[in-house]
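Have a look at entry.cif; it's mmCIF, C-alpha atoms:
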```
data_structure
loop_
_atom_site.group_PDB
_atom_site.id
_atom_site.type_symbol
_atom_site.label_atom_id
_atom_site.label_comp_id
_atom_site.auth_asym_id
_atom_site.auth_seq_id
_atom_site.Cartn_x
_atom_site.Cartn_y
_atom_site.Cartn_z
ATOM 1 C CA MET W 59 -4.771 -4.571 1.473
ATOM 2 C CA SER W 60 -5.665 -5.003 -2.173
ATOM 3 C CA ALA W 61 -3.719 -7.216 -4.551
ATOM 4 C CA PRO W 62 -1.827 -5.810 -7.557
ATOM 5 C CA ALA W 63 -4.017 -4.403 -10.312
ATOM 6 C CA ARG W 64 -3.165 -7.152 -12.787
ATOM 7 C CA ASP W 65 -1.296 -10.429 -12.975
ATOM 8 C CA PRO W 66 2.055 -10.583 -14.777
ATOM 9 C CA GLU W 67 3.106 -12.906 -17.561
ATOM 10 C CA LEU W 68 6.321 -14.906 -17.398
ATOM 11 C CA ILE W 69 8.807 -14.043 -20.129
ATOM 12 C CA SER W 70 12.426 -14.928 -20.818
ATOM 13 C CA VAL W 71 15.305 -12.841 -22.123
ATOM 14 C CA PRO W 72 18.367 -14.374 -23.807
ATOM 15 C CA VAL W 73 21.521 -13.721 -21.763
ATOM 16 C CA GLU W 74 24.935 -15.305 -21.591
ATOM 17 C CA GLY W 75 24.504 -18.899 -20.472
ATOM 18 C CA GLY W 76 20.785 -19.234 -21.136
ATOM 19 C CA GLU W 77 17.483 -17.458 -20.505
ATOM 20 C CA LEU W 78 16.811 -14.887 -17.779
ATOM 21 C CA ALA W 79 13.288 -15.264 -16.380
ATOM 22 C CA ALA W 80 11.237 -12.132 -15.805
ATOM 23 C CA LEU W 81 7.727 -11.036 -14.940
ATOM 24 C CA HIS W 82 6.073 -8.665 -17.404
ATOM 25 C CA TRP W 83 3.226 -6.284 -16.724
ATOM 26 C CA PRO W 84 2.378 -4.869 -20.171
ATOM 27 C CA ALA W 85 1.584 -1.308 -21.114
ATOM 28 C CA ASP W 86 -1.741 -0.359 -22.606
ATOM 29 C CA ALA W 87 -0.226 1.361 -25.640
ATOM 30 C CA PRO W 88 2.810 0.813 -27.869
ATOM 31 C CA GLY W 89 5.740 3.142 -27.235
ATOM 32 C CA SER W 90 4.966 3.571 -23.539
ATOM 33 C CA PRO W 91 7.883 4.278 -21.207
ATOM 34 C CA ILE W 92 9.711 1.311 -19.714
ATOM 35 C CA ALA W 93 10.378 0.487 -16.070
ATOM 36 C CA VAL W 94 12.787 -2.331 -15.222
ATOM 37 C CA LEU W 95 12.574 -3.328 -11.556
ATOM 38 C CA VAL W 96 15.614 -5.022 -9.991
ATOM 39 C CA HIS W 97 15.194 -6.957 -6.720
ATOM 40 C CA GLY W 98 17.469 -7.492 -3.729
ATOM 41 C CA ILE W 99 20.109 -10.052 -2.840
ATOM 42 C CA THR W 100 17.924 -13.023 -1.797
ATOM 43 C CA ALA W 101 14.654 -11.778 -3.299
ATOM 44 C CA ASN W 102 12.857 -12.363 -6.602
ATOM 45 C CA ALA W 103 10.747 -10.505 -9.136
ATOM 46 C CA MET W 104 7.495 -10.832 -7.157
ATOM 47 C CA ALA W 105 8.871 -8.478 -4.505
ATOM 48 C CA TRP W 106 7.781 -5.742 -6.929
ATOM 49 C CA ALA W 107 4.206 -6.911 -7.489
ATOM 50 C CA ARG W 108 2.473 -3.972 -5.813
ATOM 51 C CA VAL W 109 4.754 -1.363 -7.376
ATOM 52 C CA ALA W 110 4.371 -3.025 -10.761
ATOM 53 C CA GLY W 111 0.604 -3.031 -10.348
ATOM 54 C CA ALA W 112 0.688 0.721 -9.756
ATOM 55 C CA LEU W 113 2.718 1.330 -12.934
ATOM 56 C CA ALA W 114 1.304 -1.319 -15.275
ATOM 57 C CA GLY W 115 -0.670 -0.020 -18.222
ATOM 58 C CA GLU W 116 1.042 3.345 -18.033
ATOM 59 C CA PHE W 117 4.481 1.698 -18.300
ATOM 60 C CA GLU W 118 5.927 -1.418 -19.857
ATOM 61 C CA VAL W 119 7.040 -3.039 -16.596
ATOM 62 C CA VAL W 120 9.533 -5.903 -16.391
ATOM 63 C CA ALA W 121 10.993 -7.372 -13.202
ATOM 64 C CA PRO W 122 13.676 -10.020 -13.767
ATOM 65 C CA ASP W 123 14.594 -12.851 -11.454
ATOM 66 C CA LEU W 124 18.305 -12.141 -11.169
ATOM 67 C CA ARG W 125 20.816 -14.836 -12.078
ATOM 68 C CA GLY W 126 20.938 -17.393 -9.251
ATOM 69 C CA ARG W 127 17.430 -16.628 -7.952
ATOM 70 C CA ALA W 128 13.907 -18.047 -8.395
ATOM 71 C CA ALA W 129 13.208 -18.973 -12.037
ATOM 72 C CA SER W 130 16.690 -17.780 -13.079
ATOM 73 C CA ALA W 131 18.445 -19.982 -10.498
ATOM 74 C CA GLY W 132 19.672 -22.348 -13.191
ATOM 75 C CA LEU W 133 21.701 -19.698 -15.020
ATOM 76 C CA PRO W 134 25.400 -20.354 -14.514
ATOM 77 C CA GLY W 135 27.974 -18.144 -12.873
ATOM 78 C CA PRO W 136 30.167 -16.301 -12.631
ATOM 79 C CA TYR W 137 27.932 -14.126 -10.504
ATOM 80 C CA GLY W 138 28.538 -10.581 -9.313
ATOM 81 C CA LEU W 139 26.876 -7.205 -9.761
ATOM 82 C CA GLU W 140 28.575 -6.462 -13.068
ATOM 83 C CA ARG W 141 27.117 -9.685 -14.500
ATOM 84 C CA HIS W 142 23.671 -8.637 -13.220
ATOM 85 C CA ALA W 143 24.125 -5.195 -14.797
ATOM 86 C CA THR W 144 24.844 -6.880 -18.131
ATOM 87 C CA ASP W 145 21.748 -9.072 -17.739
ATOM 88 C CA VAL W 146 19.608 -6.015 -16.923
ATOM 89 C CA THR W 147 20.964 -4.309 -20.037
ATOM 90 C CA ALA W 148 19.844 -7.324 -22.063
ATOM 91 C CA VAL W 149 16.346 -6.795 -20.628
ATOM 92 C CA LEU W 150 16.439 -3.146 -21.713
ATOM 93 C CA ASP W 151 17.583 -4.162 -25.184
ATOM 94 C CA SER W 152 14.767 -6.700 -25.473
ATOM 95 C CA LEU W 153 12.289 -3.915 -24.733
ATOM 96 C CA GLY W 154 13.764 -1.503 -27.270
ATOM 97 C CA ALA W 155 15.031 1.020 -24.731
ATOM 98 C CA ASP W 156 17.087 3.747 -26.381
ATOM 99 C CA GLY W 157 17.459 6.374 -23.656
ATOM 100 C CA ASP W 158 15.385 9.035 -25.426
ATOM 101 C CA THR W 159 12.653 11.026 -23.723
ATOM 102 C CA GLY W 160 9.021 10.187 -24.322
ATOM 103 C CA ALA W 161 8.262 6.937 -26.097
ATOM 104 C CA GLU W 162 10.247 3.988 -24.797
ATOM 105 C CA ALA W 163 12.138 6.075 -22.229
ATOM 106 C CA ALA W 164 13.583 3.598 -19.754
ATOM 107 C CA VAL W 165 13.789 3.971 -15.991
ATOM 108 C CA LEU W 166 15.886 1.557 -13.937
ATOM 109 C CA VAL W 167 14.548 0.914 -10.443
ATOM 110 C CA GLY W 168 16.457 -1.102 -7.879
ATOM 111 C CA HIS W 169 15.737 -2.179 -4.321
ATOM 112 C CA SER W 170 18.489 -2.999 -1.811
ATOM 113 C CA MET W 171 21.234 -4.859 -3.732
ATOM 114 C CA GLY W 172 19.199 -4.250 -6.875
ATOM 115 C CA ALA W 173 19.793 -0.523 -6.437
ATOM 116 C CA TYR W 174 23.545 -1.138 -6.721
ATOM 117 C CA VAL W 175 22.938 -3.210 -9.856
ATOM 118 C CA ALA W 176 20.731 -0.486 -11.355
ATOM 119 C CA ALA W 177 23.280 2.241 -10.574
ATOM 120 C CA LEU W 178 26.122 0.158 -11.988
ATOM 121 C CA ALA W 179 24.167 -0.501 -15.184
ATOM 122 C CA ALA W 180 23.193 3.163 -15.527
ATOM 123 C CA ALA W 181 26.789 4.298 -15.070
ATOM 124 C CA GLY W 182 28.228 1.644 -17.382
ATOM 125 C CA VAL W 183 26.866 -0.916 -19.824
ATOM 126 C CA ALA W 184 23.345 0.597 -20.058
ATOM 127 C CA ARG W 185 24.524 4.211 -20.023
ATOM 128 C CA ASP W 186 22.995 5.132 -23.385
ATOM 129 C CA ARG W 187 19.697 3.349 -22.697
ATOM 130 C CA VAL W 188 18.672 4.818 -19.332
ATOM 131 C CA HIS W 189 16.548 7.906 -18.942
ATOM 132 C CA GLY W 190 16.157 7.755 -15.176
ATOM 133 C CA LEU W 191 17.282 5.904 -12.044
ATOM 134 C CA VAL W 192 15.369 5.231 -8.835
ATOM 135 C CA MET W 193 17.199 3.579 -5.932
ATOM 136 C CA VAL W 194 15.007 2.157 -3.166
ATOM 137 C CA ASP W 195 16.784 1.740 0.183
ATOM 138 C CA GLY W 196 20.068 0.825 -1.435
ATOM 139 C CA GLY W 197 22.694 1.851 -3.948
ATOM 140 C CA LEU W 198 24.792 4.112 -1.712
ATOM 141 C CA SER W 199 27.608 2.454 0.194
ATOM 142 C CA PHE W 200 29.595 3.167 3.290
ATOM 143 C CA PRO W 201 33.286 2.321 3.764
ATOM 144 C CA THR W 202 34.014 -1.274 4.808
ATOM 145 C CA PRO W 203 37.011 -1.879 7.084
ATOM 146 C CA PRO W 204 40.038 -3.458 5.385
ATOM 147 C CA GLY W 205 40.105 -7.228 5.815
ATOM 148 C CA ALA W 206 36.382 -7.392 6.565
ATOM 149 C CA ASP W 207 34.892 -10.896 6.733
ATOM 150 C CA VAL W 208 32.240 -10.858 4.001
ATOM 151 C CA ASP W 209 30.455 -13.972 5.308
ATOM 152 C CA ALA W 210 30.212 -12.569 8.831
ATOM 153 C CA ILE W 211 28.884 -9.237 7.590
ATOM 154 C CA LEU W 212 26.276 -10.882 5.362
ATOM 155 C CA SER W 213 25.147 -13.128 8.205
ATOM 156 C CA ALA W 214 24.773 -10.172 10.560
ATOM 157 C CA VAL W 215 22.970 -7.999 8.021
ATOM 158 C CA LEU W 216 20.682 -10.583 6.413
ATOM 159 C CA GLY W 217 19.986 -12.909 9.351
ATOM 160 C CA PRO W 218 16.979 -15.154 8.576
ATOM 161 C CA SER W 219 17.044 -14.181 4.888
ATOM 162 C CA LEU W 220 20.393 -15.926 4.640
ATOM 163 C CA ASP W 221 19.651 -18.728 7.129
ATOM 164 C CA ARG W 222 16.756 -20.042 5.061
ATOM 165 C CA LEU W 223 19.062 -20.937 2.170
ATOM 166 C CA SER W 224 20.171 -24.070 4.058
ATOM 167 C CA MET W 225 16.694 -25.004 5.334
ATOM 168 C CA THR W 226 13.877 -27.199 4.032
ATOM 169 C CA PHE W 227 10.177 -26.694 4.636
ATOM 170 C CA PRO W 228 7.341 -29.239 4.584
ATOM 171 C CA ASP W 229 4.922 -26.906 2.788
ATOM 172 C CA LEU W 230 4.199 -23.266 1.946
ATOM 173 C CA ALA W 231 2.373 -22.774 5.236
ATOM 174 C CA ALA W 232 5.657 -23.554 7.002
ATOM 175 C CA VAL W 233 7.425 -21.029 4.769
ATOM 176 C CA ARG W 234 4.952 -18.332 5.773
ATOM 177 C CA ALA W 235 5.261 -19.378 9.438
ATOM 178 C CA PHE W 236 9.038 -18.964 9.196
ATOM 179 C CA TRP W 237 8.718 -15.468 7.773
ATOM 180 C CA ALA W 238 5.954 -14.567 10.221
ATOM 181 C CA GLN W 239 8.640 -14.492 12.921
ATOM 182 C CA HIS W 240 10.684 -11.914 10.994
ATOM 183 C CA PRO W 241 10.176 -8.471 12.584
ATOM 184 C CA ALA W 242 10.120 -6.615 9.266
ATOM 185 C CA VAL W 243 8.415 -9.162 6.994
ATOM 186 C CA GLY W 244 6.112 -10.849 9.506
ATOM 187 C CA PRO W 245 3.198 -8.379 9.381
ATOM 188 C CA TRP W 246 2.959 -8.837 5.602
ATOM 189 C CA VAL W 247 3.031 -12.620 5.092
ATOM 190 C CA ASP W 248 -0.733 -12.933 4.587
ATOM 191 C CA VAL W 249 -0.904 -10.200 1.930
ATOM 192 C CA PRO W 250 -1.515 -12.171 -1.296
ATOM 193 C CA SER W 251 1.252 -10.553 -3.335
ATOM 194 C CA VAL W 252 3.759 -11.021 -0.495
ATOM 195 C CA ALA W 253 2.695 -14.642 -0.028
ATOM 196 C CA ALA W 254 3.251 -15.108 -3.775
ATOM 197 C CA TYR W 255 6.695 -13.524 -3.429
ATOM 198 C CA LEU W 256 7.632 -15.964 -0.641
ATOM 199 C CA ALA W 257 6.289 -18.908 -2.643
ATOM 200 C CA ARG W 258 8.224 -17.880 -5.776
ATOM 201 C CA ASP W 259 11.452 -18.434 -3.841
ATOM 202 C CA MET W 260 10.618 -22.096 -3.243
ATOM 203 C CA VAL W 261 11.631 -25.087 -5.360
ATOM 204 C CA GLY W 262 11.318 -28.814 -4.833
ATOM 205 C CA GLU W 263 8.326 -30.761 -3.607
ATOM 206 C CA PRO W 264 6.724 -31.105 -0.147
ATOM 207 C CA PRO W 265 7.935 -32.118 2.351
ATOM 208 C CA ALA W 266 11.301 -30.793 1.147
ATOM 209 C CA LEU W 267 10.731 -27.309 -0.225
ATOM 210 C CA ARG W 268 13.842 -25.155 -0.266
ATOM 211 C CA SER W 269 14.956 -21.745 -1.444
ATOM 212 C CA ALA W 270 15.918 -21.455 -5.094
ATOM 213 C CA CYS W 271 18.635 -18.922 -4.230
ATOM 214 C CA VAL W 272 22.115 -20.136 -5.087
ATOM 215 C CA ALA W 273 24.238 -19.583 -1.981
ATOM 216 C CA GLU W 274 27.381 -18.850 -3.998
ATOM 217 C CA ALA W 275 25.524 -16.144 -5.946
ATOM 218 C CA VAL W 276 24.460 -14.489 -2.704
ATOM 219 C CA ARG W 277 27.987 -14.630 -1.317
ATOM 220 C CA VAL W 278 29.654 -13.245 -4.460
ATOM 221 C CA ASP W 279 27.059 -10.516 -4.893
ATOM 222 C CA GLY W 280 27.286 -9.546 -1.232
ATOM 223 C CA GLY W 281 31.039 -9.263 -1.519
ATOM 224 C CA ASP W 282 30.588 -6.943 -4.492
ATOM 225 C CA VAL W 283 28.252 -4.666 -2.547
ATOM 226 C CA LEU W 284 30.808 -4.415 0.247
ATOM 227 C CA LEU W 285 34.127 -4.377 -1.596
ATOM 228 C CA ASN W 286 33.890 -3.841 -5.367
ATOM 229 C CA GLU W 287 35.275 -0.374 -6.122
ATOM 230 C CA ARG W 288 33.365 -0.062 -9.405
ATOM 231 C CA VAL W 289 30.117 -0.752 -7.586
ATOM 232 C CA LEU W 290 30.915 1.682 -4.793
ATOM 233 C CA GLU W 291 31.820 4.436 -7.257
ATOM 234 C CA ALA W 292 28.942 3.950 -9.725
ATOM 235 C CA THR W 293 26.781 6.681 -8.217
ATOM 236 C CA THR W 294 29.545 9.261 -8.701
ATOM 237 C CA ASP W 295 29.311 8.927 -12.502
ATOM 238 C CA LEU W 296 25.627 8.717 -13.348
ATOM 239 C CA PRO W 297 24.466 9.987 -16.762
ATOM 240 C CA VAL W 298 21.044 10.979 -15.419
ATOM 241 C CA PRO W 299 19.682 12.445 -12.179
ATOM 242 C CA ALA W 300 18.692 9.820 -9.631
ATOM 243 C CA THR W 301 16.297 9.523 -6.719
ATOM 244 C CA LEU W 302 17.029 7.632 -3.511
ATOM 245 C CA LEU W 303 13.953 6.613 -1.527
ATOM 246 C CA TRP W 304 14.948 5.494 1.956
ATOM 247 C CA ALA W 305 13.005 3.666 4.633
ATOM 248 C CA THR W 306 12.800 4.998 8.167
ATOM 249 C CA ARG W 307 13.508 1.523 9.574
ATOM 250 C CA GLY W 308 15.912 -1.259 8.643
ATOM 251 C CA LEU W 309 16.041 -4.951 7.750
ATOM 252 C CA PHE W 310 14.848 -5.960 11.224
ATOM 253 C CA ASP W 311 12.372 -3.077 11.548
ATOM 254 C CA GLN W 312 14.912 -1.192 13.676
ATOM 255 C CA THR W 313 15.597 2.535 13.763
ATOM 256 C CA PRO W 314 17.639 3.891 12.146
ATOM 257 C CA GLY W 315 17.614 1.862 8.981
ATOM 258 C CA LEU W 316 20.290 1.732 6.299
ATOM 259 C CA TYR W 317 20.117 5.487 5.817
ATOM 260 C CA ASP W 318 19.171 8.506 7.855
ATOM 261 C CA GLU W 319 19.622 12.248 7.421
ATOM 262 C CA VAL W 320 22.987 12.289 9.181
ATOM 263 C CA ARG W 321 24.461 9.475 7.091
ATOM 264 C CA LEU W 322 23.126 10.956 3.880
ATOM 265 C CA ALA W 323 24.562 14.366 4.731
ATOM 266 C CA GLN W 324 27.965 12.740 5.169
ATOM 267 C CA LEU W 325 27.749 11.226 1.694
ATOM 268 C CA GLY W 326 27.299 14.618 -0.004
ATOM 269 C CA LEU W 327 24.845 13.561 -2.703
ATOM 270 C CA GLU W 328 24.192 16.841 -4.522
ATOM 271 C CA PRO W 329 27.298 16.791 -6.762
ATOM 272 C CA SER W 330 26.212 13.354 -7.998
ATOM 273 C CA GLY W 331 22.715 14.563 -8.927
ATOM 274 C CA ILE W 332 21.008 12.317 -6.378
ATOM 275 C CA THR W 333 17.911 13.496 -4.514
ATOM 276 C CA ALA W 334 17.144 11.629 -1.278
ATOM 277 C CA ARG W 335 13.596 11.318 0.085
ATOM 278 C CA GLU W 336 12.444 9.541 3.209
ATOM 279 C CA VAL W 337 9.424 7.250 2.966
ATOM 280 C CA PRO W 338 7.958 7.500 6.475
ATOM 281 C CA ASP W 339 6.734 4.507 8.473
ATOM 282 C CA THR W 340 8.347 1.903 6.235
ATOM 283 C CA ASN W 341 11.111 -0.627 6.772
ATOM 284 C CA HIS W 342 13.579 -2.106 4.298
ATOM 285 C CA TYR W 343 10.983 -4.566 2.994
ATOM 286 C CA SER W 344 7.684 -2.741 3.429
ATOM 287 C CA ILE W 345 8.900 0.225 1.390
ATOM 288 C CA LEU W 346 7.848 -1.957 -1.572
ATOM 289 C CA TRP W 347 4.553 -3.106 -0.052
ATOM 290 C CA ALA W 348 3.035 -0.379 2.131
ATOM 291 C CA GLN W 349 0.759 2.039 0.308
ATOM 292 C CA GLN W 350 2.991 5.036 1.011
ATOM 293 C CA GLY W 351 5.995 3.112 -0.295
ATOM 294 C CA VAL W 352 4.221 1.985 -3.464
ATOM 295 C CA GLU W 353 3.033 5.537 -4.113
ATOM 296 C CA ALA W 354 6.497 7.009 -3.496
ATOM 297 C CA VAL W 355 8.242 4.577 -5.840
ATOM 298 C CA ALA W 356 5.620 4.958 -8.559
ATOM 299 C CA ALA W 357 5.791 8.754 -8.317
ATOM 300 C CA ALA W 358 9.595 8.733 -8.573
ATOM 301 C CA VAL W 359 9.441 6.469 -11.644
ATOM 302 C CA ARG W 360 6.916 8.736 -13.341
ATOM 303 C CA GLU W 361 9.028 11.780 -12.534
ATOM 304 C CA ALA W 362 12.141 10.128 -13.956
ATOM 305 C CA ALA W 363 10.368 9.092 -17.156
ATOM 306 C CA VAL W 364 9.294 12.636 -18.057
ATOM 307 C CA ARG W 365 12.465 14.418 -16.906
ATOM 308 C CA ASP W 366 13.990 16.560 -19.654
#
```

Encoded form (structure tokens):
Amino acid sequence: MSAPARDPELISVPVEGGELAALHWPADAPGSPIAVLVHGITANAMAWARVAGALAGEFEVVAPDLRGRAASAGLPGPYGLERHATDVTAVLDSLGADGDTGAEAAVLVGHSMGAYVAALAAAGVARDRVHGLVMVDGGLSFPTPPGADVDAILSAVLGPSLDRLSMTFPDLAAVRAFWAQHPAVGPWVDVPSVAAYLARDMVGEPPALRSACVAEAVRVDGGDVLLNERVLEATTDLPVPATLLWATRGLFDQTPGLYDEVRLAQLGLEPSGITAREVPDTNHYSILWAQQGVEAVAAAVREAAVRD
């Protein structure tokens, strides 16, 4: 599999408490549309490398490391999806997004937890700056039982992604070996852009590399996804049509994944202006890396940017 078309540059955006780190794939011409790519709960900006490579040049592409992750790990709390939505809005402002069609039209794209952040921003603080919304295997919630144990749910859902936060690794080869055992990520660990994504999560020096993810950020953000009413209701008040791209398989490569046709039918998406599309033969992670996933996301972003 080929690497992304071009390498990004590291930029920073002023936000409350410091500087938000982001990767920037520039457009070829001034006034090009903008795509801001928002990653998942324990991920980082490099998760988007292949999608960004497909859009770069045509779009001004920026993927932030969310507060508490990778190069933005040092930003202070409080955490939570509303704080991330405010940070994402700061990214849009730094790019000159104004919500108009054509030049500098901005599309928010979120994967997994990032889809909830993107929807929350589009429905709230970034409402007048967003021209389109693309949610990738996330953003639509299901009821959580009263009194649910957030930590237990996160552990069950995230598994190794969460376990690694308390682990150390002697070197990057050991990091890749750890992920090679993951049923959904394992087949991809030797793809250069995925290997770079796994490495971007690491801080420290051998033989004590560790994840940069702040555990408290993950816990607070996970609780928001499960229990925050404003997050759960964001997709009922979107200012623009939205696209949900869903993977056939889930976080452990299982079937069904987070969504399927039955679950989506129960959610009744049409009144909210959300169009759902399956991306066949992908799981929760590979929807960003497999060719059909990259093409589906890029096509949805282009469609959103030119929508009247």

**Request:** Any chance you could resolve the PyMOL selection byres ((chain W and resi 249-262) around 7) against this file and give the residues as a PyMOL selection string?
**Result:** chain W and resi 59+61+102+104-105+107+128+230+246-248+263-264+266-270

**Message:** Counting all atoms listed in the file, which residues sit no farther than 12 Å from the position (9.2, -7.4, -6.6) in the file's frame? I'd like them as an NGL selection string.
**Reply:** :W and (62 or 66 or 80-83 or 94-111 or 119-124 or 128 or 167-170 or 172 or 194 or 251-256 or 258-259 or 343-347 or 352)

**Prompt:** Expressed in Å to a single decimal, how great is the separation between atom CA of W:Ala85 and atom CA of W:Arg335?
**Reply:** 27.4 Å

**Item:** Long-range neighbours of W:Ile332 as a list in words, 7 Å cut-off, all atoms listed in the file, 6 positions minimum in chain
**Value:** Pro299, Ala300, Thr301 and Leu302 of chain W

**Asked** So how many Å separate atom CA of W:Glu118 and atom CA of W:Val165, to one decimal?
**Response**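 Result for atom CA of W:Glu118 versus atom CA of W:Val165: 10.3 Å, one decimal.
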
Put the listed atoms of stretch 87-93 of chain W in a box along x, y and z with 3 Å added on every side and give me the centre and edge lengths in Å to one decimal, as lines of an AutoDock Vina configuration file.
```
center_x = 5.1
center_y = 2.4
center_z = -22.0
size_x = 16.6
size_y = 9.8
size_z = 17.8
```

Would you write out, as a PDB file with C-alpha atoms, in the coordinates of the input, every residue that the PyMOL selection byres ((chain W and resi 178) around 10) captures in this file?
```pdb
ATOM      1  CA  LEU W 139      26.876  -7.205  -9.761  1.00  0.00           C
ATOM      2  CA  GLU W 140      28.575  -6.462 -13.068  1.00  0.00           C
ATOM      3  CA  HIS W 142      23.671  -8.637 -13.220  1.00  0.00           C
ATOM      4  CA  ALA W 143      24.125  -5.195 -14.797  1.00  0.00           C
ATOM      5  CA  THR W 144      24.844  -6.880 -18.131  1.00  0.00           C
ATOM      6  CA  GLY W 172      19.199  -4.250  -6.875  1.00  0.00           C
ATOM      7  CA  ALA W 173      19.793  -0.523  -6.437  1.00  0.00           C
ATOM      8  CA  TYR W 174      23.545  -1.138  -6.721  1.00  0.00           C
ATOM      9  CA  VAL W 175      22.938  -3.210  -9.856  1.00  0.00           C
ATOM     10  CA  ALA W 176      20.731  -0.486 -11.355  1.00  0.00           C
ATOM     11  CA  ALA W 177      23.280   2.241 -10.574  1.00  0.00           C
ATOM     12  CA  ALA W 179      24.167  -0.501 -15.184  1.00  0.00           C
ATOM     13  CA  ALA W 180      23.193   3.163 -15.527  1.00  0.00           C
ATOM     14  CA  ALA W 181      26.789   4.298 -15.070  1.00  0.00           C
ATOM     15  CA  GLY W 182      28.228   1.644 -17.382  1.00  0.00           C
ATOM     16  CA  VAL W 183      26.866  -0.916 -19.824  1.00  0.00           C
ATOM     17  CA  ALA W 184      23.345   0.597 -20.058  1.00  0.00           C
ATOM     18  CA  ARG W 185      24.524   4.211 -20.023  1.00  0.00           C
ATOM     19  CA  GLY W 197      22.694   1.851  -3.948  1.00  0.00           C
ATOM     20  CA  ARG W 288      33.365  -0.062  -9.405  1.00  0.00           C
ATOM     21  CA  VAL W 289      30.117  -0.752  -7.586  1.00  0.00           C
ATOM     22  CA  LEU W 290      30.915   1.682  -4.793  1.00  0.00           C
ATOM     23  CA  GLU W 291      31.820   4.436  -7.257  1.00  0.00           C
ATOM     24  CA  ALA W 292      28.942   3.950  -9.725  1.00  0.00           C
ATOM     25  CA  THR W 293      26.781   6.681  -8.217  1.00  0.00           C
ATOM     26  CA  ASP W 295      29.311   8.927 -12.502  1.00  0.00           C
ATOM     27  CA  LEU W 296      25.627   8.717 -13.348  1.00  0.00           C
TER      28      LEU W 296
END
```

**Message:** Given the PyMOL selection byres ((chain W and resi 79) around 7) and the file above, list the residues it selects as a PyMOL selection string.
**Reply:** chain W and resi 69-71+77-78+80+122-123+129-130

Stretch 231-288 of chain W residues near stretch 309-314 of chain W within 12 Å, closest pair each, using all atoms listed in the file, as a Markdown table:
```
| residue | atom | partner | partner_atom | distance |
| --- | --- | --- | --- | --- |
| W:Trp237 | CA | W:Phe310 | CA | 11.8 |
| W:Gln239 | CA | W:Phe310 | CA | 10.7 |
| W:His240 | CA | W:Phe310 | CA | 7.3 |
| W:Pro241 | CA | W:Phe310 | CA | 5.5 |
| W:Ala242 | CA | W:Asp311 | CA | 4.8 |
| W:Val243 | CA | W:Phe310 | CA | 8.3 |
| W:Gly244 | CA | W:Phe310 | CA | 10.2 |
| W:Pro245 | CA | W:Asp311 | CA | 10.8 |
```

Mind dumping the selected residues with C-alpha atoms as a JSON list (two decimals), keeping the file's coordinate frame?
```json
[["chain", "number", "residue", "atom", "x", "y", "z"],
["W", 237, "TRP", "CA", 8.72, -15.47, 7.77],
["W", 239, "GLN", "CA", 8.64, -14.49, 12.92],
["W", 240, "HIS", "CA", 10.68, -11.91, 10.99],
["W", 241, "PRO", "CA", 10.18, -8.47, 12.58],
["W", 242, "ALA", "CA", 10.12, -6.62, 9.27],
["W", 243, "VAL", "CA", 8.41, -9.16, 6.99],
["W", 244, "GLY", "CA", 6.11, -10.85, 9.51],
["W", 245, "PRO", "CA", 3.20, -8.38, 9.38]]
```

**Message:** Nearest residue to W:Leu153 out of W:Gly138, W:Gly89, W:Gly326, W:Gly115, using only C-alpha atoms?
**Reply:** W:Gly89

**Exercise: stretch 131-133 of chain W partners within 7 Å, only C-alpha atoms, chain neighbours under 3 positions left out, as number ranges by chain** = W: 75-76, 125-128, 270-272

Filtering to C-alpha atoms, could you give me those residues as an mmCIF file, in the coordinates of the input?
```
data_model
loop_
_atom_site.group_PDB
_atom_site.id
_atom_site.type_symbol
_atom_site.label_atom_id
_atom_site.label_comp_id
_atom_site.auth_asym_id
_atom_site.auth_seq_id
_atom_site.Cartn_x
_atom_site.Cartn_y
_atom_site.Cartn_z
ATOM 1 C CA GLY W 75 24.504 -18.899 -20.472
ATOM 2 C CA GLY W 76 20.785 -19.234 -21.136
ATOM 3 C CA ARG W 125 20.816 -14.836 -12.078
ATOM 4 C CA GLY W 126 20.938 -17.393 -9.251
ATOM 5 C CA ARG W 127 17.430 -16.628 -7.952
ATOM 6 C CA ALA W 128 13.907 -18.047 -8.395
ATOM 7 C CA ALA W 270 15.918 -21.455 -5.094
ATOM 8 C CA CYS W 271 18.635 -18.922 -4.230
ATOM 9 C CA VAL W 272 22.115 -20.136 -5.087
#
```

**Message:** When you count only C-alpha atoms, which of these residues is closest to W:Gly315: W:Pro218, W:Pro338, W:Gly280, W:Pro136?
**Reply:**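 Checking each candidate against W:Gly315, we get W:Pro338 as the closest.
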
**Prompt:** Near W:Ala362, within 12 Å and counting all atoms listed in the file, which residues show up once chain neighbours fewer than 5 positions away are dropped, as a list in words?
**Reply:**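 Once the nearby chain positions are removed, what remains is Pro91, Ile92, Ala93, Gly157, Asp158, Thr159, Gly160, Ala163, Ala164, Val165, Leu166, Val167, Val188, His189, Gly190, Leu191, Val192, Met193, Val298, Pro299, Ala300, Thr301, Leu302, Ile332, Thr333, Val355, Ala356 and Ala357 of chain W.
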
**Asked** So, counting all atoms listed in the file, which residue among W:Asp65, W:Glu361, W:Glu336, W:Glu287 is closest to W:Arg307?
**Response**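 The answer is W:Glu336, which sits nearest to W:Arg307.
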
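Between atom CA of W:Phe200 and atom CA of W:Arg321 there is a distance of 9.0 Å.
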
**Message:** With distances taken over all atoms listed in the file, which residue among W:Gly281, W:Pro297, W:Gly351, W:Gly331 lies nearest W:Gly205?
**Reply:**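 Closest to W:Gly205 of all the choices is W:Gly281.
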
**Item:** Best match for closeness to W:Ala155 among W:Glu319, W:Asp186, W:Asp229, W:Asp86, counting all atoms listed in the file
**Value:**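 Smallest separation from W:Ala155 among the options: W:Asp186.
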
**Prompt:** Within 9 Å of W:Glu274, counting only C-alpha atoms, which residues qualify if same-chain residues fewer than 5 places away don't, as a ChimeraX atom specification?
**Reply:** /W:126,135,137,279
